[in-house]
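A.B. asks: Take a look at the following structure, please.
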Amino acid sequence: MAVRATVSRFPIDSDAQEACGIPWGLTVTPFAAKDENGQAPVYGSDVPRCENCYAYFNTYCELDQWAWNCSLCGTLNGLSSEAIARYSRPQSCAEMMSSFVDLEFPLEGSEEEILHARPVYVAAVDLSSSEEFLELTKSALQAALEALAPESLFGLATFSHKLGLYDVQGPIPVVKNVFIPQDAEGTLPIELEDVMPLLQFLAPVDTCKDRITSALETLRPTTSWERTPPGTGQELNGVLMGGRGFGMAMEALCNYLGSEYGNTFALARVFAFLSGPPDHGPGQLDTRRYGEQYASKGEDADRALLPEQTPFYKDLAAVAVQAGVCVDIFAVTNEYTDLASLKFLSIESGGSLFLYSNTDDSTLPQDMYRMLSRPYAFNCVLRLRTSTEFKPGHSYGHFFPDPQYENVQHIICCDSYATYAYDFEFANNVGFSRHSSEQPMVQIAFQYTVVVPPEELPGSELLSSSRGKHSIKRRLRIRTLQYGTARNLNELYDGVDPEVVLSLLVHKVILASLEEGVREGRMLLHDWLVILTSQYNEAFNLIQYKNGSSSITGQLDVTFSQCPQLQPLPRLVFALLRNPLLRFHEEGVHPDYRIYVQCLFSALEPSSLHRAIYPVLTSYSTPDKQAYPRHSLSRAALITSGSPIFFLDAYTTLIVFYSSTADPSLPFPPPHDCLLRSTINKLKQERCITPKLIFIRGGQDDASVFENYLIEEQDVNGTGLTSVMGFVSFLEDITQSVLEYMK
């Protein structure tokens with residue numbers, strides 16, 4: 001569990017918080033195997049809880065022979081006789097050794113039920129598509145089969161104007177179809193359980209892998225001739241365009257799988273492969289609203305295309321959660337698919353949303369393999385507690401809040417990359433004590449379930465009847481942190497973590513964009529930097545007001561030259577304003593791509609998000625020797641460095657660029673055994689998605705994809721009007737805005 005705060009020393013009171021201009025909060029990556037310093041948790045079994053605030057005992061609590069003081073609320077709690085005996089041997093107690101512990105929970109239910117739960121995966125493939133789409137999907141599912149544990153159960157379904165279920169447990173694959181009604185209010189004429197019993201549909205991967213592969217080979221696109229059942233009066237010379245009954249198919253699959261939730265499986269993952277917008281039956285989407293925006297009648301396209309047009313998929317996500325189903329959506333399309341409506345089905349059921357604009361250079365098979373190879377937790381509950389002086393304000397991330405308890409979030413499926421954010425506010429006007437004995441405390445509890453393969457179980461748990469079966473384990477991970485308080489603004493600014501500040505800003509501007517439109521998100525970000533700059537200048541007495549008038553003397557500092565921790569922020573804000581997240585519709589940002597970026601960015605941990613917003617540009621003198629670790633994103637930086645090779649890491653894209661003046665004897669592309677290649681391979685391994693790798697020779701290849709990342713020479717300001725000055729003019733604009741603000 002990695003936790004990073006925006007400031008290492010918290011503001012002393014609400015006045016100090018207001019005066020500093022820095023968002024106050026933290027990010028947490030709960031299922032990360034280690035903390036932010038690379039330390040693993042200490043494993044234990046049981047921890048006492050505070051009778052008042054329900055926080056867990058931790059290393060910061062005062063302990064005497066019979067009782068302990070809660071480090072969060074100060075309550076004195078008695079110890080049970082068992083706890084007294086345990087705490088007489090502190091080296092045997094995880095919670096006495098570390099403030100980061102992982103505890104095993106006893107599971108409810110019979111041992112047989114626990115050991116019988118198997119991982120379940122279902123692929124739902126769009127047949128209203130092209131041959132190229134199906135070939136890519138088949139490759140992705142072949143990769144998935146290689147990544148799945150042999151004991152997993154796998155089901156193959158297809159959808160178009162009908163829903164197909166495959167039985168691959170017999171000698172040859174058999175598909176049974178049920179027609180999806182065209183009407184948006186329609187229902188399936190028959191229950192899927194009556195079409196094919198669920199346990200006939202879900203096939204064991206270890207014995208049926210070859211037959212699943214054979215079934216995949218039979219997949220063909222539905223032709224337009226096939227899309228209308230004859231005699232319905234809907235055919236026009238046998239042709240009817242459309243027929244992608246995605247909504248009905250997903251709803252039916254969730255209800256179908258839900259019957260075995262808690263018995264056959266503890267979590268089912270559905271992979272939905274989509275080649276365009278749903279246009280048939282319940283959940284169909286009207287994509288004309290996108291075309292109409294080009295002839296916009298004064299309506300703000302950046303606002304109109306962000307909200308969902310129907311609650312169908314948000315409601316369906318709730319059905320999926322109740323059925324123990326997590327949905328991952330893989331959209332391979334360049335037509336408008338309205339991901340603004342579809343995204344809820346994936347992110348609110350604990351899944352991911354992937355978007356690929358074409359089949360040619362799609363990383364879908366690699367992403368599929370990567371996603372299934374890494375560990376994940378499910379049925380998770382995340383709870384953040386604080387000491388009494390402050391409390392969590394907003395929480396951000398792909399979870400849904402508990403309907404009953406405050407500051408409790410439910411996460412259906414969580415991998416080691418998934419990151420969530422909170423901001424803080426003071427509970428009263430008093431603030432923190434100035435005595436060092438009472439420091440701000442934060443405790444994060446993460447309760448989760450994992451499926452443990454048989455080889456990871458202790459020998460005593462391997463009953464002869466359960467050999468080769470997975471086991472369900474319920475665990476509780478607790479992290480307790482103590483923070484200092486800043487005595488003044490200088491101290492507070494010295495402890496700023498700009499990457500975490502960026503994370504909170506991204507969450508806030510996404511929220512503002514969804515509620516008020518992109519223009520509002522841009523203004524919020526621009527105004528935040530203006531206010532921070534003016535408060536910094538006042539705090540460091542860099543400017544003075546002349547004799548009570550509004551005129552200002554002194555040199556305004558917009559680059560935070562006296563505070564190294566704040567110096568990256570203007571560049572990060574500038575880059576965020578240039579990002580597709582906040583660029584205008586008329587600049588060519590596809591609304592589906594904007595939604596994809598919102599979903600990706602709101603789940604990234606701070607260092608990854610930093611690269612995605614402001615890419616890292618490194619130079620090499622040879623493929624085996626790094627020249628400079630970091631350059632600004634400008635042509636001037638390329639020219640002045642004099643290096644022949646540049647490597648740009650933009651998180652989703654990696655670019656190796658050889659300058660036009662590079663020595664022709666330098667090997668291109670870089671050889672597989674060089675330092676640059678090993679750096680690239682290491683970065684690819686660490687990513688939650690597969691970055692696209694591009695090699696470019698300057699002067700020979702089209703270098704525009706690389707040059708587009710050199711944003712410091714492209715203009716951006718609060719209004720979005722373009723010129724040619726770039727980052728320099730942006731700082732001039734901020735200077736003018738600060739002077740206006742301070743008048």
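Just so we're on the same page: first chain in the structure tokens is A, next is B, and so on; residues restart at 1 for each chain, and ligands are numbered from 1 in the order they show up.
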So that I can see what lies close to Glu185 of chain A, please list as a PyMOL selection string the residues with an atom at most 9 Å from it, counting only C-alpha atoms and leaving out residues fewer than 5 positions away in the same chain.
C.D. replies: chain A and resi 281-283
A.B. asks: Which residues are near Lys684 of chain A? Cut-off 10 Å, only C-alpha atoms, ignore same chain within fewer than 5 positions. Put them as a list in words.
C.D. replies: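 Once the nearby chain positions are removed, what remains is Tyr651, Thr652, Leu654, Ser678, Thr679, Ile689, Thr690, Pro691, Lys692 and Leu693 of chain A.
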A.B. asks: Export, as a compact mmCIF listing (two decimals), in the first residue's frame, the selected residues with N, CA and C atoms.
C.D. replies:
# COMPACT_ATOMS: atom_id res chain seq x y z
N TYR A 651 4.26 7.66 -21.30
CA TYR A 651 3.48 6.63 -20.59
C TYR A 651 2.77 5.68 -21.56
N THR A 652 1.84 6.19 -22.40
CA THR A 652 1.16 5.29 -23.34
C THR A 652 1.94 5.11 -24.63
N LEU A 654 6.11 5.28 -26.29
CA LEU A 654 7.55 5.42 -26.13
C LEU A 654 8.14 5.71 -27.51
N SER A 678 17.25 -2.04 -22.89
CA SER A 678 16.93 -2.61 -21.56
C SER A 678 16.10 -1.62 -20.75
N THR A 679 16.36 -0.31 -20.93
CA THR A 679 15.54 0.71 -20.26
C THR A 679 14.10 0.63 -20.76
N ILE A 689 -0.55 -0.74 -18.78
CA ILE A 689 -0.96 -0.97 -20.17
C ILE A 689 0.30 -1.08 -21.03
N THR A 690 0.16 -1.63 -22.23
CA THR A 690 1.33 -1.80 -23.10
C THR A 690 1.58 -0.51 -23.88
N PRO A 691 2.69 0.19 -23.63
CA PRO A 691 2.93 1.41 -24.40
C PRO A 691 3.29 1.07 -25.85
N LYS A 692 2.92 1.96 -26.75
CA LYS A 692 3.25 1.79 -28.16
C LYS A 692 4.69 2.26 -28.36
N LEU A 693 5.53 1.45 -29.00
CA LEU A 693 6.95 1.79 -29.21
C LEU A 693 7.16 2.23 -30.66
A.B. asks: Can you tell me, as a ChimeraX atom specification, what residues are no more than 7 Å from segment 144-150 of chain A when counting only C-alpha atoms, ignoring any on the same chain fewer than 2 positions away?
C.D. replies: /A:140-142,152,205-206,368-369,372-373
A.B. asks: Using DSSP on the backbone coordinates, identify the residues of segment 419-572 of chain A assigned to helix (DSSP H, G or I); present them as a PyMOL selection string.
C.D. replies: chain A and resi 454-456+459-461+464-466+489-494+498-516+518-539+568-572
A.B. asks: Using only C-alpha atoms, determine which residues lie at most 10 Å from Asn537 of chain A, disregarding the query and same-chain residues fewer than 6 positions distant; provide the list as a PyMOL selection string.
C.D. replies: chain A and resi 531+543-544+554-558+560+562+738
A.B. asks: Write the residues of the preceding selection, restricted to N, CA and C atoms, as a PDB file, in the first residue's frame.
C.D. replies:
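Full text of out_13.pdb as output:
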ATOM      1  N   ILE A 531      -3.724  32.026  -8.439  1.00  0.00           N
ATOM      2  CA  ILE A 531      -3.878  32.261  -6.988  1.00  0.00           C
ATOM      3  C   ILE A 531      -2.659  31.748  -6.232  1.00  0.00           C
ATOM      4  N   ILE A 543       6.790  41.228  -3.430  1.00  0.00           N
ATOM      5  CA  ILE A 543       6.135  42.441  -3.948  1.00  0.00           C
ATOM      6  C   ILE A 543       5.562  43.240  -2.789  1.00  0.00           C
ATOM      7  N   GLN A 544       5.470  44.533  -2.992  1.00  0.00           N
ATOM      8  CA  GLN A 544       4.905  45.421  -1.958  1.00  0.00           C
ATOM      9  C   GLN A 544       3.888  46.344  -2.633  1.00  0.00           C
ATOM     10  N   GLY A 554       8.316  45.817  -6.950  1.00  0.00           N
ATOM     11  CA  GLY A 554       9.026  44.546  -6.786  1.00  0.00           C
ATOM     12  C   GLY A 554       8.873  43.695  -8.039  1.00  0.00           C
ATOM     13  N   GLN A 555       9.683  42.641  -8.124  1.00  0.00           N
ATOM     14  CA  GLN A 555       9.697  41.761  -9.305  1.00  0.00           C
ATOM     15  C   GLN A 555       8.830  40.539  -9.037  1.00  0.00           C
ATOM     16  N   LEU A 556       7.760  40.371  -9.804  1.00  0.00           N
ATOM     17  CA  LEU A 556       6.871  39.223  -9.637  1.00  0.00           C
ATOM     18  C   LEU A 556       7.606  37.947 -10.077  1.00  0.00           C
ATOM     19  N   ASP A 557       7.539  36.923  -9.255  1.00  0.00           N
ATOM     20  CA  ASP A 557       8.232  35.654  -9.534  1.00  0.00           C
ATOM     21  C   ASP A 557       7.187  34.602  -9.907  1.00  0.00           C
ATOM     22  N   VAL A 558       7.090  34.265 -11.197  1.00  0.00           N
ATOM     23  CA  VAL A 558       6.100  33.260 -11.623  1.00  0.00           C
ATOM     24  C   VAL A 558       6.730  31.878 -11.829  1.00  0.00           C
ATOM     25  N   PHE A 560       8.660  30.459  -9.301  1.00  0.00           N
ATOM     26  CA  PHE A 560       8.902  29.931  -7.947  1.00  0.00           C
ATOM     27  C   PHE A 560      10.395  29.682  -7.704  1.00  0.00           C
ATOM     28  N   GLN A 562      12.438  30.689  -5.571  1.00  0.00           N
ATOM     29  CA  GLN A 562      12.916  30.504  -4.195  1.00  0.00           C
ATOM     30  C   GLN A 562      12.407  29.209  -3.557  1.00  0.00           C
ATOM     31  N   VAL A 738      -1.883  37.392 -12.605  1.00  0.00           N
ATOM     32  CA  VAL A 738      -1.547  37.573 -11.187  1.00  0.00           C
ATOM     33  C   VAL A 738      -1.647  39.054 -10.816  1.00  0.00           C
TER      34      VAL A 738
END
A.B. asks: Please provide the set of residues having any atom within 9 Å of Leu306 of chain A, restricted to only C-alpha atoms, with same-chain residues fewer than 5 positions apart removed, written as a PyMOL selection string.
C.D. replies: chain A and resi 301+338-341+513-515+517-518+591-592+594-595
A.B. asks: Tell me which of A:Val450, A:Arg4, A:Phe354, A:Phe390 sits closest to Phe424 of chain A, counting only C-alpha atoms.
C.D. replies: A:Phe390
A.B. asks: Hey, what does DSSP flag as strand (DSSP E) within segment 120-266 of chain A? Can you give it to me as a PyMOL selection string?
C.D. replies: chain A and resi 120-126+153-159+162-167+174-179+203-204
A.B. asks: Output the selection as an mmCIF file, in the first residue's frame - C-alpha atoms for each residue.
C.D. replies:
data_model
loop_
_atom_site.group_PDB
_atom_site.id
_atom_site.type_symbol
_atom_site.label_atom_id
_atom_site.label_comp_id
_atom_site.auth_asym_id
_atom_site.auth_seq_id
_atom_site.Cartn_x
_atom_site.Cartn_y
_atom_site.Cartn_z
ATOM 1 C CA VAL A 120 -14.436 -17.415 -13.938
ATOM 2 C CA TYR A 121 -13.875 -15.475 -17.190
ATOM 3 C CA VAL A 122 -16.356 -14.817 -20.006
ATOM 4 C CA ALA A 123 -15.550 -13.253 -23.393
ATOM 5 C CA ALA A 124 -18.409 -11.379 -25.093
ATOM 6 C CA VAL A 125 -17.468 -10.737 -28.736
ATOM 7 C CA ASP A 126 -19.141 -8.243 -31.080
ATOM 8 C CA LEU A 153 -13.530 -21.608 -16.045
ATOM 9 C CA PHE A 154 -14.004 -19.855 -19.405
ATOM 10 C CA GLY A 155 -17.145 -19.032 -21.363
ATOM 11 C CA LEU A 156 -17.445 -17.696 -24.934
ATOM 12 C CA ALA A 157 -20.442 -15.565 -25.917
ATOM 13 C CA THR A 158 -21.143 -13.474 -29.018
ATOM 14 C CA PHE A 159 -23.592 -10.654 -29.671
ATOM 15 C CA LYS A 162 -28.706 -12.206 -31.376
ATOM 16 C CA LEU A 163 -26.828 -13.500 -28.351
ATOM 17 C CA GLY A 164 -24.783 -16.677 -28.876
ATOM 18 C CA LEU A 165 -23.598 -19.076 -26.147
ATOM 19 C CA TYR A 166 -20.874 -21.632 -26.952
ATOM 20 C CA ASP A 167 -20.671 -25.125 -25.520
ATOM 21 C CA VAL A 174 -21.840 -25.910 -30.450
ATOM 22 C CA VAL A 175 -23.406 -22.428 -30.436
ATOM 23 C CA LYS A 176 -26.968 -21.713 -29.326
ATOM 24 C CA ASN A 177 -28.488 -18.355 -30.233
ATOM 25 C CA VAL A 178 -31.327 -16.300 -28.840
ATOM 26 C CA PHE A 179 -32.643 -13.253 -30.723
ATOM 27 C CA ALA A 203 -15.560 -24.782 -19.531
ATOM 28 C CA PRO A 204 -12.398 -25.704 -17.551
#
A.B. asks: So, counting only C-alpha atoms, which residue among A:Val430, A:Arg687, A:Lys473, A:Val705 is closest to Ser14 of chain A?
C.D. replies: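 Once distances to Ser14 of chain A are computed over only C-alpha atoms, the minimum belongs to A:Val430.
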A.B. asks: Can you list, as a ChimeraX atom specification, every protein, DNA or RNA residue that comes within 9 Å of segment 315-332 of chain A when you count only C-alpha atoms, leaving out same-chain residues fewer than 6 positions away?
C.D. replies: /A:133,247,250-251,254-262,265-276,339,342-359,362,364,379,412-413
A.B. asks: Go through A:Phe727, A:Tyr658, A:Tyr396, A:Phe312 one by one, measure the shortest atom-to-atom distance of each to Gly699 of chain A using only C-alpha atoms, and give the residue with the smallest value.
C.D. replies: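 Closest residue, counting only C-alpha atoms: A:Tyr658.
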A.B. asks: Provide the atom CA of Glu36 of chain A to atom CA of Leu676 of chain A distance in Å, to one decimal place.
C.D. replies: 26.1 Å
A.B. asks: Would you pick out the contacts of Ile22 of chain A at 12 Å or less, using only C-alpha atoms, so that residues sharing its chain but fewer than 3 positions from it are not included, and give the list as an NGL selection string?
C.D. replies: :A and (5-7 or 9-11 or 16-19 or 25-26 or 423-424 or 489 or 492-498 or 500-502 or 504-505 or 528-533 or 535-536 or 565-566 or 569)
A.B. asks: Dump N, CA, C and O atoms for the selected residues as a compact mmCIF listing (two decimals), in the first residue's frame?
C.D. replies:
# COMPACT_ATOMS: atom_id res chain seq x y z
N ALA A 5 1.36 12.00 0.21
CA ALA A 5 0.59 13.21 0.52
C ALA A 5 1.09 14.38 -0.32
O ALA A 5 2.24 14.41 -0.75
N THR A 6 0.21 15.38 -0.53
CA THR A 6 0.61 16.56 -1.30
C THR A 6 1.67 17.37 -0.55
O THR A 6 2.50 18.03 -1.17
N VAL A 7 1.63 17.30 0.79
CA VAL A 7 2.62 18.01 1.61
C VAL A 7 3.09 17.08 2.72
O VAL A 7 2.29 16.37 3.32
N ARG A 9 4.46 18.06 5.52
CA ARG A 9 4.03 18.70 6.77
C ARG A 9 2.69 19.37 6.52
O ARG A 9 2.56 20.17 5.59
N PHE A 10 1.71 19.05 7.34
CA PHE A 10 0.36 19.56 7.12
C PHE A 10 0.23 21.01 7.58
O PHE A 10 0.95 21.45 8.49
N PRO A 11 -0.69 21.78 6.97
CA PRO A 11 -0.93 23.15 7.45
C PRO A 11 -1.45 23.12 8.89
O PRO A 11 -2.21 22.21 9.25
N ALA A 16 -3.80 28.77 7.55
CA ALA A 16 -2.55 28.39 6.87
C ALA A 16 -2.87 27.61 5.59
O ALA A 16 -2.21 27.79 4.56
N GLN A 17 -3.90 26.77 5.66
CA GLN A 17 -4.29 26.00 4.47
C GLN A 17 -4.76 26.94 3.36
O GLN A 17 -4.39 26.79 2.19
N GLU A 18 -5.57 27.92 3.74
CA GLU A 18 -6.08 28.89 2.78
C GLU A 18 -4.95 29.73 2.18
O GLU A 18 -4.92 29.99 0.97
N ALA A 19 -3.99 30.10 3.03
CA ALA A 19 -2.91 31.00 2.59
C ALA A 19 -1.91 30.32 1.66
O ALA A 19 -1.29 30.97 0.83
N GLY A 25 -4.13 16.85 0.57
CA GLY A 25 -4.72 15.53 0.45
C GLY A 25 -3.65 14.48 0.20
O GLY A 25 -2.45 14.73 0.40
N LEU A 26 -4.09 13.31 -0.24
CA LEU A 26 -3.13 12.22 -0.49
C LEU A 26 -3.67 11.28 -1.55
O LEU A 26 -4.86 11.28 -1.87
N ASP A 423 -9.04 14.43 -0.56
CA ASP A 423 -8.54 15.70 -0.04
C ASP A 423 -9.09 15.91 1.37
O ASP A 423 -10.08 15.28 1.77
N PHE A 424 -8.40 16.75 2.14
CA PHE A 424 -8.72 16.93 3.56
C PHE A 424 -9.27 18.32 3.82
O PHE A 424 -9.01 19.27 3.08
N LEU A 489 4.75 29.09 6.11
CA LEU A 489 4.55 28.73 4.70
C LEU A 489 5.81 28.19 4.04
O LEU A 489 5.74 27.30 3.19
N LEU A 492 6.01 24.63 4.79
CA LEU A 492 4.96 23.89 4.09
C LEU A 492 5.33 23.71 2.61
O LEU A 492 5.24 22.60 2.08
N TYR A 493 5.81 24.80 1.98
CA TYR A 493 6.20 24.72 0.56
C TYR A 493 7.39 23.79 0.35
O TYR A 493 7.48 23.12 -0.68
N ASP A 494 8.29 23.73 1.31
CA ASP A 494 9.46 22.84 1.18
C ASP A 494 9.07 21.36 1.17
O ASP A 494 9.84 20.52 0.71
N GLY A 495 7.87 21.06 1.71
CA GLY A 495 7.43 19.66 1.78
C GLY A 495 6.43 19.27 0.71
O GLY A 495 5.79 18.22 0.78
N VAL A 496 6.27 20.11 -0.33
CA VAL A 496 5.28 19.82 -1.39
C VAL A 496 5.78 18.69 -2.29
O VAL A 496 6.95 18.65 -2.66
N ASP A 497 4.88 17.77 -2.64
CA ASP A 497 5.17 16.73 -3.62
C ASP A 497 4.40 17.10 -4.89
O ASP A 497 3.18 16.89 -4.98
N PRO A 498 5.08 17.67 -5.91
CA PRO A 498 4.35 18.20 -7.08
C PRO A 498 3.58 17.13 -7.85
O PRO A 498 2.54 17.42 -8.44
N VAL A 500 1.93 14.57 -6.59
CA VAL A 500 0.65 14.30 -5.90
C VAL A 500 -0.29 15.50 -6.06
O VAL A 500 -1.50 15.34 -6.22
N VAL A 501 0.29 16.71 -6.05
CA VAL A 501 -0.52 17.92 -6.32
C VAL A 501 -1.16 17.78 -7.70
O VAL A 501 -2.36 18.04 -7.88
N LEU A 502 -0.36 17.33 -8.70
CA LEU A 502 -0.89 17.13 -10.05
C LEU A 502 -2.04 16.12 -10.05
O LEU A 502 -3.06 16.33 -10.70
N LEU A 504 -4.19 15.37 -7.66
CA LEU A 504 -5.42 15.96 -7.13
C LEU A 504 -6.02 16.99 -8.10
O LEU A 504 -7.23 17.06 -8.27
N LEU A 505 -5.14 17.75 -8.76
CA LEU A 505 -5.63 18.73 -9.74
C LEU A 505 -6.34 18.02 -10.90
O LEU A 505 -7.40 18.47 -11.36
N TRP A 528 -6.31 28.46 -10.52
CA TRP A 528 -5.59 27.88 -9.37
C TRP A 528 -4.12 28.31 -9.39
O TRP A 528 -3.56 28.71 -8.37
N LEU A 529 -3.49 28.24 -10.58
CA LEU A 529 -2.07 28.62 -10.69
C LEU A 529 -1.88 30.11 -10.41
O LEU A 529 -0.91 30.51 -9.76
N VAL A 530 -2.81 30.93 -10.88
CA VAL A 530 -2.74 32.38 -10.64
C VAL A 530 -2.79 32.67 -9.13
O VAL A 530 -1.98 33.43 -8.59
N ILE A 531 -3.72 32.03 -8.44
CA ILE A 531 -3.88 32.26 -6.99
C ILE A 531 -2.66 31.75 -6.23
O ILE A 531 -2.13 32.42 -5.34
N LEU A 532 -2.17 30.54 -6.59
CA LEU A 532 -0.98 30.00 -5.92
C LEU A 532 0.21 30.94 -6.11
O LEU A 532 0.95 31.23 -5.15
N THR A 533 0.41 31.44 -7.33
CA THR A 533 1.54 32.33 -7.62
C THR A 533 1.46 33.61 -6.81
O THR A 533 2.46 34.07 -6.24
N GLN A 535 -0.14 34.04 -3.94
CA GLN A 535 0.05 33.75 -2.51
C GLN A 535 1.53 33.46 -2.19
O GLN A 535 2.03 33.86 -1.14
N TYR A 536 2.22 32.80 -3.11
CA TYR A 536 3.66 32.56 -2.94
C TYR A 536 4.42 33.89 -2.91
O TYR A 536 5.29 34.10 -2.06
N GLN A 565 10.49 22.95 -4.69
CA GLN A 565 9.38 21.98 -4.75
C GLN A 565 8.20 22.49 -5.58
O GLN A 565 7.40 21.70 -6.06
N LEU A 566 8.09 23.81 -5.71
CA LEU A 566 6.98 24.38 -6.48
C LEU A 566 7.35 24.60 -7.95
O LEU A 566 6.48 24.82 -8.79
N LEU A 569 5.49 23.06 -11.04
CA LEU A 569 4.03 23.23 -11.18
C LEU A 569 3.60 24.04 -12.41
O LEU A 569 2.66 23.63 -13.10
A.B. asks: In terms of the shortest atom-to-atom distance over only C-alpha atoms, which of A:Tyr628, A:Cys70, A:Phe31, A:Cys53 is closest to Thr640 of chain A?
C.D. replies: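 Of A:Tyr628, A:Cys70, A:Phe31, A:Cys53, the one nearest Thr640 of chain A, counting only C-alpha atoms, is A:Tyr628.
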A.B. asks: Looking at only C-alpha atoms, which of A:Gln685, A:Ser665, A:Ser503, A:Thr137 is the one that sits closest to Ala603 of chain A?
C.D. replies: A:Ser503
A.B. asks: Could you state the separation of atom CA of Gly245 of chain A and atom CA of Leu285 of chain A in Å, given to one decimal place?
C.D. replies: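 Here the two named atoms are 10.4 Å from each other.
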A.B. asks: Compare A:Arg288, A:Leu136, A:Asp194, A:Pro401 by their minimum atom-to-atom distance to Asp361 of chain A, counting only C-alpha atoms, and give me the closest one.
C.D. replies: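 Looking at the shortest contact to Asp361 of chain A, the residue is A:Leu136.
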A.B. asks: Hey, could you make a per-residue contact list for segment 370-420 of chain A against segment 432-444 of chain A with 6 Å as the cut-off, showing the nearest pair of atoms and its distance in Å to one decimal, counting only C-alpha atoms, sorted by chain and number, as a tab-separated table?
C.D. replies:
residue	atom	partner	partner_atom	distance
A:Arg383	CA	A:Ile444	CA	5.8
A:Leu384	CA	A:Ile444	CA	4.6
A:Arg385	CA	A:Gln443	CA	5.1
A:Thr386	CA	A:Val442	CA	4.5
A:Ser387	CA	A:Met441	CA	5.1
A.B. asks: May I have the residues from that selection written out with C-alpha atoms, as a CSV table (one decimal), in the first residue's frame?
C.D. replies:
chain,number,residue,atom,x,y,z
A,383,ARG,CA,-11.7,3.1,4.7
A,384,LEU,CA,-9.7,6.2,5.6
A,385,ARG,CA,-9.7,7.5,9.2
A,386,THR,CA,-7.9,10.6,10.6
A,387,SER,CA,-7.2,12.1,13.9
A.B. asks: Kindly give the distance, in Å, that separates atom CA of Leu524 of chain A and atom CA of Pro568 of chain A, rounded to a single decimal.
C.D. replies: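 Computing it gives 18.5 Å between the two atoms.
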